[in-house]
$ cat upload-v2.txt   # compact mmCIF, C-alpha atoms
# COMPACT_ATOMS: atom_id res chain seq x y z
CA MET A 1 -24.65 10.65 -14.03
CA LYS A 2 -22.53 8.56 -11.65
CA THR A 3 -24.38 5.27 -11.19
CA LYS A 4 -21.74 3.05 -9.56
CA ARG A 5 -19.59 3.76 -6.51
CA LEU A 6 -16.16 2.18 -6.37
CA CYS A 7 -14.03 2.19 -3.19
CA LEU A 8 -10.25 1.95 -3.52
CA VAL A 9 -8.79 0.94 -0.16
CA ILE A 10 -5.09 1.23 0.75
CA PRO A 11 -3.21 2.25 3.93
CA SER A 12 -1.52 5.26 2.29
CA LEU A 13 -0.19 6.60 -1.01
CA GLN A 14 3.41 6.93 0.18
CA ALA A 15 6.23 6.40 -2.35
CA GLY A 16 6.12 2.72 -3.28
CA GLY A 17 5.11 0.23 -5.96
CA MET A 18 1.73 -0.77 -4.56
CA GLU A 19 0.84 2.85 -4.01
CA ARG A 20 1.88 3.93 -7.49
CA VAL A 21 -0.35 1.25 -9.01
CA MET A 22 -3.34 2.45 -6.99
CA SER A 23 -2.66 6.01 -8.15
CA GLU A 24 -2.46 4.93 -11.80
CA LEU A 25 -5.69 2.95 -11.51
CA SER A 26 -7.47 5.89 -9.90
CA TRP A 27 -6.65 8.04 -12.94
CA TYR A 28 -7.92 5.39 -15.33
CA PHE A 29 -11.10 4.68 -13.37
CA SER A 30 -11.82 8.41 -13.14
CA THR A 31 -12.22 8.55 -16.93
CA LYS A 32 -15.33 6.36 -16.67
CA LYS A 33 -18.29 8.72 -16.48
CA ASP A 34 -20.60 6.30 -14.68
CA ILE A 35 -18.24 5.62 -11.74
CA GLU A 36 -18.01 7.65 -8.53
CA LEU A 37 -14.54 7.02 -7.16
CA ASN A 38 -13.84 6.88 -3.42
CA LEU A 39 -10.35 6.46 -1.95
CA VAL A 40 -9.99 5.24 1.63
CA LEU A 41 -6.63 5.79 3.39
CA TYR A 42 -6.55 4.22 6.84
CA GLY A 43 -2.91 3.47 7.75
CA LYS A 44 -0.84 5.16 10.44
CA THR A 45 0.44 7.98 8.20
CA ARG A 46 -2.17 8.20 5.37
CA GLU A 47 0.44 10.01 3.30
CA ILE A 48 -0.37 11.05 -0.28
CA PHE A 49 2.80 11.11 -2.38
CA TYR A 50 1.28 10.22 -5.75
CA SER A 51 -1.23 12.41 -7.54
CA ILE A 52 -4.88 11.45 -7.74
CA PRO A 53 -7.72 13.00 -9.76
CA ASP A 54 -9.49 16.03 -8.30
CA ASP A 55 -12.91 14.37 -8.42
CA VAL A 56 -11.88 11.42 -6.23
CA ILE A 57 -13.59 11.51 -2.82
CA ILE A 58 -10.94 10.92 -0.14
CA HIS A 59 -11.77 9.36 3.23
CA LYS A 60 -9.25 9.41 6.11
CA PRO A 61 -9.70 8.88 9.86
CA SER A 62 -10.00 12.12 11.79
CA PHE A 63 -7.79 10.71 14.56
CA ARG A 64 -4.09 9.98 14.73
CA PHE A 65 -3.04 6.38 15.31
CA ASN A 66 -1.29 6.21 18.69
CA ASN A 67 0.93 3.15 19.03
CA ARG A 68 0.91 3.40 22.83
CA TRP A 69 -2.71 2.27 22.74
CA ARG A 70 -2.38 0.08 19.68
CA PHE A 71 -5.28 -2.27 20.40
CA TYR A 72 -7.68 0.60 21.01
CA TYR A 73 -6.71 2.46 17.84
CA THR A 74 -6.78 -0.74 15.78
CA LEU A 75 -10.41 -1.27 16.83
CA LYS A 76 -11.14 2.38 16.17
CA THR A 77 -9.70 2.05 12.65
CA LEU A 78 -11.78 -1.07 12.00
CA LEU A 79 -14.92 0.82 13.01
CA PHE A 80 -13.89 3.76 10.81
CA LEU A 81 -13.59 1.49 7.79
CA ARG A 82 -16.88 -0.21 8.48
CA LYS A 83 -18.67 3.13 8.85
CA ILE A 84 -17.20 4.44 5.59
CA PHE A 85 -18.31 1.35 3.67
CA ILE A 86 -21.84 1.61 5.04
CA ASN A 87 -22.07 5.34 4.28
CA VAL A 88 -20.61 5.08 0.77
CA ASN A 89 -22.56 1.91 -0.06
CA PRO A 90 -20.15 0.92 -2.85
CA ALA A 91 -20.93 -1.32 -5.79
CA THR A 92 -17.54 -2.88 -5.24
CA ILE A 93 -14.36 -2.50 -3.14
CA LEU A 94 -10.74 -2.96 -4.25
CA SER A 95 -8.18 -3.47 -1.47
CA PHE A 96 -4.37 -3.63 -1.81
CA GLY A 97 -1.81 -5.17 0.54
CA GLU A 98 -1.35 -8.73 1.81
CA TYR A 99 -1.27 -7.83 5.53
CA TRP A 100 -3.85 -5.07 5.15
CA ASN A 101 -6.38 -7.10 3.18
CA ASN A 102 -7.08 -9.21 6.28
CA PHE A 103 -7.84 -6.02 8.17
CA VAL A 104 -10.27 -4.81 5.49
CA LEU A 105 -12.01 -8.19 5.34
CA ILE A 106 -12.50 -8.20 9.12
CA SER A 107 -14.05 -4.72 8.94
CA LEU A 108 -16.55 -6.02 6.38
CA MET A 109 -17.72 -9.08 8.32
CA GLY A 110 -21.50 -9.33 8.21
CA LEU A 111 -21.75 -6.80 5.35
CA ARG A 112 -22.48 -7.87 1.80
CA TYR A 113 -20.40 -5.48 -0.22
CA PRO A 114 -18.28 -7.33 -2.83
CA VAL A 115 -14.59 -6.90 -2.04
CA PHE A 116 -11.67 -7.80 -4.29
CA VAL A 117 -8.27 -8.14 -2.65
CA SER A 118 -4.82 -8.10 -4.19
CA ASP A 119 -1.54 -9.30 -2.72
CA ARG A 120 1.39 -7.15 -3.82
CA SER A 121 4.54 -8.81 -2.48
CA GLN A 122 6.67 -11.84 -3.31
CA PRO A 123 4.10 -14.66 -3.60
CA ASP A 124 5.95 -17.20 -1.43
CA LYS A 125 6.60 -14.69 1.35
CA SER A 126 5.38 -15.92 4.72
CA LEU A 127 3.32 -13.37 6.62
CA GLY A 128 3.88 -15.28 9.86
CA ARG A 129 1.79 -18.12 11.26
CA PHE A 130 -0.99 -15.87 12.55
CA HIS A 131 -1.44 -13.84 9.36
CA ASN A 132 -1.11 -16.92 7.13
CA LYS A 133 -3.92 -18.64 9.05
CA LEU A 134 -5.96 -15.46 9.03
CA ARG A 135 -5.62 -15.24 5.26
CA GLN A 136 -6.72 -18.87 4.83
CA TRP A 137 -9.82 -18.07 6.86
CA LEU A 138 -10.66 -14.62 5.48
CA TYR A 139 -9.72 -14.71 1.78
CA PRO A 140 -12.52 -17.14 0.85
CA GLN A 141 -14.93 -14.38 1.93
CA ALA A 142 -13.60 -12.05 -0.77
CA LYS A 143 -15.54 -11.84 -4.01
CA GLY A 144 -12.32 -12.21 -5.97
CA ILE A 145 -8.53 -12.36 -5.70
CA ILE A 146 -6.16 -10.43 -7.96
CA LEU A 147 -2.61 -11.75 -8.28
CA GLN A 148 0.18 -10.21 -10.31
CA THR A 149 1.74 -13.25 -12.00
CA GLU A 150 0.92 -16.83 -12.95
CA LYS A 151 3.63 -17.95 -10.54
CA ALA A 152 1.81 -16.07 -7.78
CA ARG A 153 -1.42 -17.92 -8.61
CA GLU A 154 0.38 -21.26 -8.50
CA ILE A 155 1.94 -20.52 -5.10
CA PHE A 156 -1.25 -19.00 -3.67
CA LEU A 157 -3.33 -22.08 -4.51
CA ARG A 158 -0.95 -24.39 -2.67
CA ALA A 159 -2.05 -22.91 0.66
CA ASN A 160 -5.37 -21.20 -0.11
CA LYS A 161 -8.56 -21.94 -1.97
CA HIS A 162 -10.62 -19.57 -4.07
CA LYS A 163 -12.71 -20.02 -7.21
CA ASN A 164 -12.45 -16.47 -8.57
CA ILE A 165 -8.83 -15.49 -9.25
CA ALA A 166 -7.53 -13.11 -11.90
CA VAL A 167 -3.87 -12.65 -12.86
CA ILE A 168 -3.30 -9.00 -13.79
CA GLY A 169 0.11 -7.38 -14.04
CA ASN A 170 0.79 -3.82 -12.99
CA PRO A 171 0.06 -0.85 -15.23
CA ILE A 172 3.35 0.61 -16.41
CA ARG A 173 3.21 4.31 -17.13
CA GLU A 174 4.82 5.47 -20.32
CA ILE A 175 8.06 7.38 -19.80
CA LYS A 176 8.04 9.81 -22.71
CA LYS A 177 10.83 11.92 -24.08
CA GLY A 178 10.21 15.64 -24.40
CA LYS A 179 10.34 17.57 -27.64
CA GLY A 180 14.08 18.19 -27.49
CA PRO A 181 16.85 15.59 -27.80
CA VAL A 182 17.81 13.68 -24.66
CA LYS A 183 21.48 13.06 -24.04
CA LYS A 184 22.20 9.71 -22.45
CA GLU A 185 24.74 9.84 -19.63
CA LYS A 186 26.97 7.00 -18.48
CA HIS A 187 24.66 6.26 -15.57
CA ILE A 188 23.58 2.94 -14.11
CA LEU A 189 20.30 3.46 -12.29
CA MET A 190 18.55 1.56 -9.51
CA VAL A 191 15.20 2.59 -8.08
CA GLY A 192 13.87 1.05 -4.87
CA ARG A 193 13.32 1.71 -1.21
CA LEU A 194 16.44 1.25 0.90
CA ILE A 195 15.50 -2.06 2.49
CA LYS A 196 17.62 -5.18 2.86
CA SER A 197 15.70 -7.24 0.30
CA LYS A 198 16.64 -4.74 -2.44
CA HIS A 199 20.36 -5.48 -1.86
CA GLN A 200 21.69 -2.09 -2.93
CA ASP A 201 24.83 -3.08 -1.04
CA LYS A 202 25.48 -5.93 -3.49
CA LEU A 203 25.03 -3.57 -6.42
CA ILE A 204 27.47 -1.06 -4.94
CA GLU A 205 30.04 -3.83 -4.41
CA MET A 206 29.62 -5.12 -7.98
CA PHE A 207 29.83 -1.62 -9.41
CA ALA A 208 33.00 -0.88 -7.45
CA GLU A 209 34.57 -4.16 -8.57
CA VAL A 210 33.86 -3.48 -12.25
CA SER A 211 35.29 -0.03 -11.44
CA PRO A 212 34.40 2.01 -14.53
CA PRO A 213 36.07 5.42 -14.05
CA ASP A 214 33.65 7.36 -16.28
CA TRP A 215 30.38 5.73 -15.11
CA LYS A 216 28.18 6.61 -12.14
CA LEU A 217 25.73 4.51 -10.14
CA LEU A 218 22.55 6.42 -9.24
CA ILE A 219 20.51 5.01 -6.35
CA VAL A 220 17.01 6.44 -6.00
CA GLY A 221 15.23 5.49 -2.79
CA TYR A 222 14.73 6.33 0.85
CA ASP A 223 15.01 4.61 4.23
CA HIS A 224 12.00 2.43 4.95
CA LEU A 225 10.75 -0.13 7.48
CA LYS A 226 12.89 1.53 10.17
CA GLN A 227 15.99 -0.15 8.72
CA GLN A 228 18.05 3.06 8.37
CA ASN A 229 20.19 1.78 5.49
CA MET A 230 21.21 5.08 3.89
CA ASP A 231 24.16 5.71 6.23
CA ARG A 232 25.29 2.08 5.97
CA LEU A 233 25.25 2.19 2.16
CA LYS A 234 27.07 5.51 2.03
CA LYS A 235 29.78 4.12 4.30
CA LEU A 236 30.09 1.05 2.06
CA ALA A 237 30.62 3.23 -1.00
CA TRP A 238 33.23 5.24 0.91
CA ASP A 239 35.05 2.11 2.09
CA LEU A 240 35.18 0.84 -1.51
CA ASN A 241 36.63 4.17 -2.75
CA ALA A 242 33.52 4.69 -4.88
CA SER A 243 31.78 7.49 -2.99
CA ASP A 244 32.42 9.96 -5.84
CA ARG A 245 30.76 7.58 -8.33
CA VAL A 246 27.84 6.27 -6.25
CA ILE A 247 25.17 8.97 -6.00
CA PHE A 248 22.36 8.65 -3.46
CA MET A 249 19.38 10.62 -4.76
CA GLY A 250 16.80 9.92 -2.06
CA LYS A 251 13.08 10.20 -2.85
CA GLN A 252 12.39 11.72 -6.27
CA GLU A 253 9.05 13.12 -7.42
CA HIS A 254 10.13 13.61 -11.04
CA ILE A 255 11.99 10.39 -11.69
CA GLU A 256 11.09 10.36 -15.39
CA GLU A 257 14.00 12.67 -16.20
CA ILE A 258 16.42 10.36 -14.38
CA TYR A 259 15.23 7.32 -16.34
CA LEU A 260 15.58 9.16 -19.63
CA VAL A 261 19.19 10.32 -19.15
CA SER A 262 20.41 6.98 -17.73
CA SER A 263 21.85 4.17 -19.89
CA ILE A 264 21.38 0.96 -17.86
CA PHE A 265 18.95 -0.15 -15.19
CA ALA A 266 20.23 -2.56 -12.54
CA PHE A 267 17.88 -4.34 -10.12
CA THR A 268 19.24 -6.51 -7.31
CA SER A 269 16.01 -7.13 -5.41
CA SER A 270 15.40 -10.68 -4.19
CA SER A 271 11.76 -10.25 -3.17
CA GLU A 272 9.17 -8.83 -5.57
CA GLY A 273 5.55 -9.14 -6.58
CA PHE A 274 5.71 -7.17 -9.82
CA PRO A 275 8.44 -4.50 -9.83
CA ASN A 276 7.13 -1.28 -11.36
CA ALA A 277 10.63 0.17 -11.52
CA ILE A 278 11.70 -2.44 -14.07
CA GLY A 279 8.69 -1.68 -16.24
CA GLU A 280 9.27 2.06 -16.09
CA ALA A 281 12.95 1.62 -16.95
CA MET A 282 11.96 -0.48 -19.96
CA SER A 283 9.40 2.14 -21.00
CA ALA A 284 12.23 4.69 -20.96
CA GLY A 285 14.29 2.45 -23.26
CA LEU A 286 16.75 1.12 -20.70
CA PRO A 287 18.18 -2.39 -20.90
CA VAL A 288 17.67 -4.08 -17.52
CA VAL A 289 19.94 -6.43 -15.58
CA ALA A 290 17.96 -8.07 -12.77
CA TYR A 291 18.03 -11.01 -10.41
CA ASP A 292 15.52 -13.63 -11.52
CA CYS A 293 13.69 -13.73 -8.19
CA VAL A 294 10.59 -15.86 -7.59
CA ALA A 295 8.13 -13.65 -9.46
CA GLY A 296 8.06 -10.37 -11.31
CA PRO A 297 11.18 -9.70 -13.40
CA SER A 298 10.63 -12.74 -15.64
CA GLU A 299 7.14 -11.45 -16.51
CA MET A 300 8.77 -8.48 -18.27
CA ILE A 301 12.36 -9.35 -19.14
CA ILE A 302 13.15 -11.70 -22.02
CA ASP A 303 16.76 -12.68 -21.51
CA ASN A 304 19.13 -11.26 -24.13
CA HIS A 305 16.19 -9.64 -25.96
CA ASN A 306 15.28 -6.63 -23.82
CA GLY A 307 17.60 -7.18 -20.86
CA PHE A 308 19.30 -9.87 -18.82
CA LEU A 309 17.89 -12.18 -16.15
CA VAL A 310 20.57 -13.35 -13.73
CA PRO A 311 20.13 -16.31 -11.34
CA LEU A 312 19.49 -15.06 -7.82
CA PHE A 313 22.71 -13.86 -6.13
CA ASP A 314 24.93 -14.94 -9.05
CA ASP A 315 26.98 -11.78 -8.64
CA GLY A 316 29.68 -12.94 -11.03
CA GLN A 317 27.21 -13.13 -13.91
CA PHE A 318 25.56 -9.88 -12.81
CA ARG A 319 28.92 -8.08 -12.97
CA GLN A 320 29.61 -9.64 -16.36
CA LYS A 321 26.31 -8.38 -17.82
CA LEU A 322 26.83 -4.89 -16.40
CA LYS A 323 30.33 -4.74 -17.90
CA LEU A 324 29.05 -6.03 -21.25
CA LEU A 325 26.41 -3.30 -21.42
CA MET A 326 28.78 -0.56 -20.32
CA GLU A 327 31.21 -1.48 -23.07
CA ASN A 328 28.67 -1.98 -25.87
CA GLU A 329 26.48 0.99 -26.80
CA ALA A 330 24.95 -0.85 -29.78
CA LEU A 331 23.79 -3.66 -27.48
CA ARG A 332 22.31 -1.13 -25.05
CA ASN A 333 20.39 0.48 -27.90
CA ARG A 334 19.10 -2.82 -29.27
CA LEU A 335 17.88 -4.14 -25.93
CA GLY A 336 16.43 -0.74 -24.99
CA LYS A 337 14.46 -0.49 -28.24
CA ASN A 338 13.01 -3.97 -27.68
CA ALA A 339 12.16 -3.05 -24.09
CA ILE A 340 9.99 -0.12 -25.21
CA GLU A 341 8.01 -2.35 -27.55
CA ASP A 342 7.62 -5.27 -25.14
CA ILE A 343 6.41 -3.27 -22.14
CA ARG A 344 3.45 -1.75 -24.01
CA LYS A 345 1.28 -4.76 -23.17
CA PHE A 346 1.22 -3.39 -19.60
CA SER A 347 -0.19 0.01 -20.57
CA ILE A 348 -2.68 1.57 -18.16
CA GLU A 349 -5.40 1.20 -20.79
CA GLU A 350 -4.84 -2.57 -21.06
CA ILE A 351 -4.40 -3.21 -17.34
CA GLY A 352 -7.04 -0.74 -16.15
CA GLU A 353 -9.66 -2.34 -18.37
CA LYS A 354 -8.78 -5.81 -17.04
CA TYR A 355 -9.28 -4.56 -13.49
CA LEU A 356 -12.62 -2.97 -14.33
CA LYS A 357 -13.94 -6.04 -16.11
CA PHE A 358 -13.02 -8.23 -13.16
CA ILE A 359 -14.21 -6.10 -10.25
CA MET A 360 -17.30 -4.57 -11.93
CA LYS A 361 -18.53 -7.47 -14.05
CA ASN A 362 -21.62 -7.96 -11.87
CA HIS A 363 -22.51 -4.28 -12.29
CA ALA A 364 -22.19 -3.86 -16.04
$ encode --input "upload-v2.txt" --output "structure tokens"
Amino acid sequence: MKTKRLCLVIPSLQAGGMERVMSELSWYFSTKKDIELNLVLYGKTREIFYSIPDDVIIHKPSFRFNNRWRFYYTLKTLLFLRKIFINVNPATILSFGEYWNNFVLISLMGLRYPVFVSDRSQPDKSLGRFHNKLRQWLYPQAKGIILQTEKAREIFLRANKHKNIAVIGNPIREIKKGKGPVKKEKHILMVGRLIKSKHQDKLIEMFAEVSPPDWKLLIVGYDHLKQQNMDRLKKLAWDLNASDRVIFMGKQEHIEEIYLVSSIFAFTSSSEGFPNAIGEAMSAGLPVVAYDCVAGPSEMIIDNHNGFLVPLFDDGQFRQKLKLLMENEALRNRLGKNAIEDIRKFSIEEIGEKYLKFIMKNHA
């Protein structure tokens, strides 16, 4: 018998790191026989890209969000959330998204449901004066705060106060090989939405400068945040005479196969909370070269043990590490083997249980 109702709250389940984590958690939570799982999608698109269990109860507004009357539809969405929480009467609520958490907390004002909020972006990222002030005012009303790294906790506490904070990394799904042998190709892989902070342009430039004739650079990702970077990046590859070796793969539903046949994972993002793509690449046995941005990569990568951490925007060193890995198969194999072992501490079983203990501890 289901004795506890849990509400997972997120704008959508579009292709992205935050959304993948929510999907993974929903599968883990659904294995607990005493929990009734509710998923609330309330953003403008409410897209579902990632799979969720069949027994999850999904709640979405019946109306479309019309930006021409933004204020009206924002209020309407707030009322929708509030009504759902009252009707579901959850034992606890888990909300994802630094901008969106403020919205959820406002919808809950005057209600006594325990809500746990989690920020998912680079911890020192400013949300703007208004949202920063709003967070300082609203976050103390949350039952608990979940941050992804110790660095995030340190930065958060400089500007905000809260007594109940947990540091929990992301669950990293295991990328398993099939029954048959997998042939590694000379592919360098990057996975990430095509936004400026991912710096795919820098990676293309570095790849073209190293200029390996028998290697390819695979870029998995799609245009996001209305930045329209795909055409710009394709033109850059063309201008650098690398268009035949830089492959744009767009959005991929079955990315596991791409991880498994690739040989190196390169990650040039400068703004992260906890990059799932790095963890998945490590799970697939790929050595990773990544910028050591404020938080995230250093939680998973041990330099020269399972990959390489490069100082932010030190493109000379980044190129050097890429070239070293391309030329040394034994090194790739050693770092990749270590990566598989090291990333297991972020299994869904380990991380899912940490979440449950934190958000359900008053309902044990």
$ residues_around --input "upload-v2.txt" --residues "Val289 of chain A" --least-positions-apart "3" --cutoff "8 Å" --atoms "only C-alpha atoms" --output "compact mmCIF listing (two decimals) with C-alpha atoms, in the coordinates of the input"
# COMPACT_ATOMS: atom_id res chain seq x y z
CA ILE A 264 21.38 0.96 -17.86
CA PHE A 265 18.95 -0.15 -15.19
CA ALA A 266 20.23 -2.56 -12.54
CA PHE A 267 17.88 -4.34 -10.12
CA GLY A 307 17.60 -7.18 -20.86
CA PHE A 308 19.30 -9.87 -18.82
CA LEU A 309 17.89 -12.18 -16.15
CA VAL A 310 20.57 -13.35 -13.73
CA PHE A 318 25.56 -9.88 -12.81
CA LYS A 321 26.31 -8.38 -17.82
CA LEU A 322 26.83 -4.89 -16.40
$ closest_residue --input "upload-v2.txt" --among "A:Ser347, A:Thr268, A:Gln252, A:Asn229" --to "Ser283 of chain A" --atoms "all atoms listed in the file"
A:Ser347
$ residues_near_point --input "upload-v2.txt" --point "(-10.4, 4.6, 17.0)" --cutoff "12 Å" --atoms "all atoms listed in the file" --output "PyMOL selection string"
chain A and resi 42-44+60-67+69-83
$ closest_residue --input "upload-v2.txt" --among "A:Tyr113, A:Phe96, A:Phe156, A:Phe248" --to "Ser126 of chain A" --atoms "only C-alpha atoms"
A:Phe156
$ atom_distance --input "upload-v2.txt" --atom1 "atom CA of Val104 of chain A" --atom2 "atom CA of Asn132 of chain A"
15.3 Å
$ residues_around --input "upload-v2.txt" --residues "Ile10 of chain A" --least-positions-apart "6" --cutoff "9 Å" --atoms "all atoms listed in the file" --output "PDB file with C-alpha atoms, in the frame of the given file"
ATOM      1  CA  MET A  18       1.730  -0.770  -4.560  1.00  0.00           C
ATOM      2  CA  GLU A  19       0.840   2.850  -4.010  1.00  0.00           C
ATOM      3  CA  MET A  22      -3.340   2.450  -6.990  1.00  0.00           C
ATOM      4  CA  LEU A  39     -10.350   6.460  -1.950  1.00  0.00           C
ATOM      5  CA  VAL A  40      -9.990   5.240   1.630  1.00  0.00           C
ATOM      6  CA  LEU A  41      -6.630   5.790   3.390  1.00  0.00           C
ATOM      7  CA  TYR A  42      -6.550   4.220   6.840  1.00  0.00           C
ATOM      8  CA  GLY A  43      -2.910   3.470   7.750  1.00  0.00           C
ATOM      9  CA  ARG A  46      -2.170   8.200   5.370  1.00  0.00           C
ATOM     10  CA  LEU A  94     -10.740  -2.960  -4.250  1.00  0.00           C
ATOM     11  CA  SER A  95      -8.180  -3.470  -1.470  1.00  0.00           C
ATOM     12  CA  PHE A  96      -4.370  -3.630  -1.810  1.00  0.00           C
ATOM     13  CA  GLY A  97      -1.810  -5.170   0.540  1.00  0.00           C
ATOM     14  CA  TRP A 100      -3.850  -5.070   5.150  1.00  0.00           C
ATOM     15  CA  ASN A 101      -6.380  -7.100   3.180  1.00  0.00           C
TER      16      ASN A 101
END
$ atom_distance --input "upload-v2.txt" --atom1 "atom CA of Ser121 of chain A" --atom2 "atom CA of Glu272 of chain A"
5.6 Å
$ closest_residue --input "upload-v2.txt" --among "A:Leu225, A:Ala295, A:Leu8, A:Leu37" --to "Arg153 of chain A" --atoms "only C-alpha atoms"
A:Ala295
$ atom_distance --input "upload-v2.txt" --atom1 "atom CA of Ile57 of chain A" --atom2 "atom CA of Gly144 of chain A"
24.0 Å
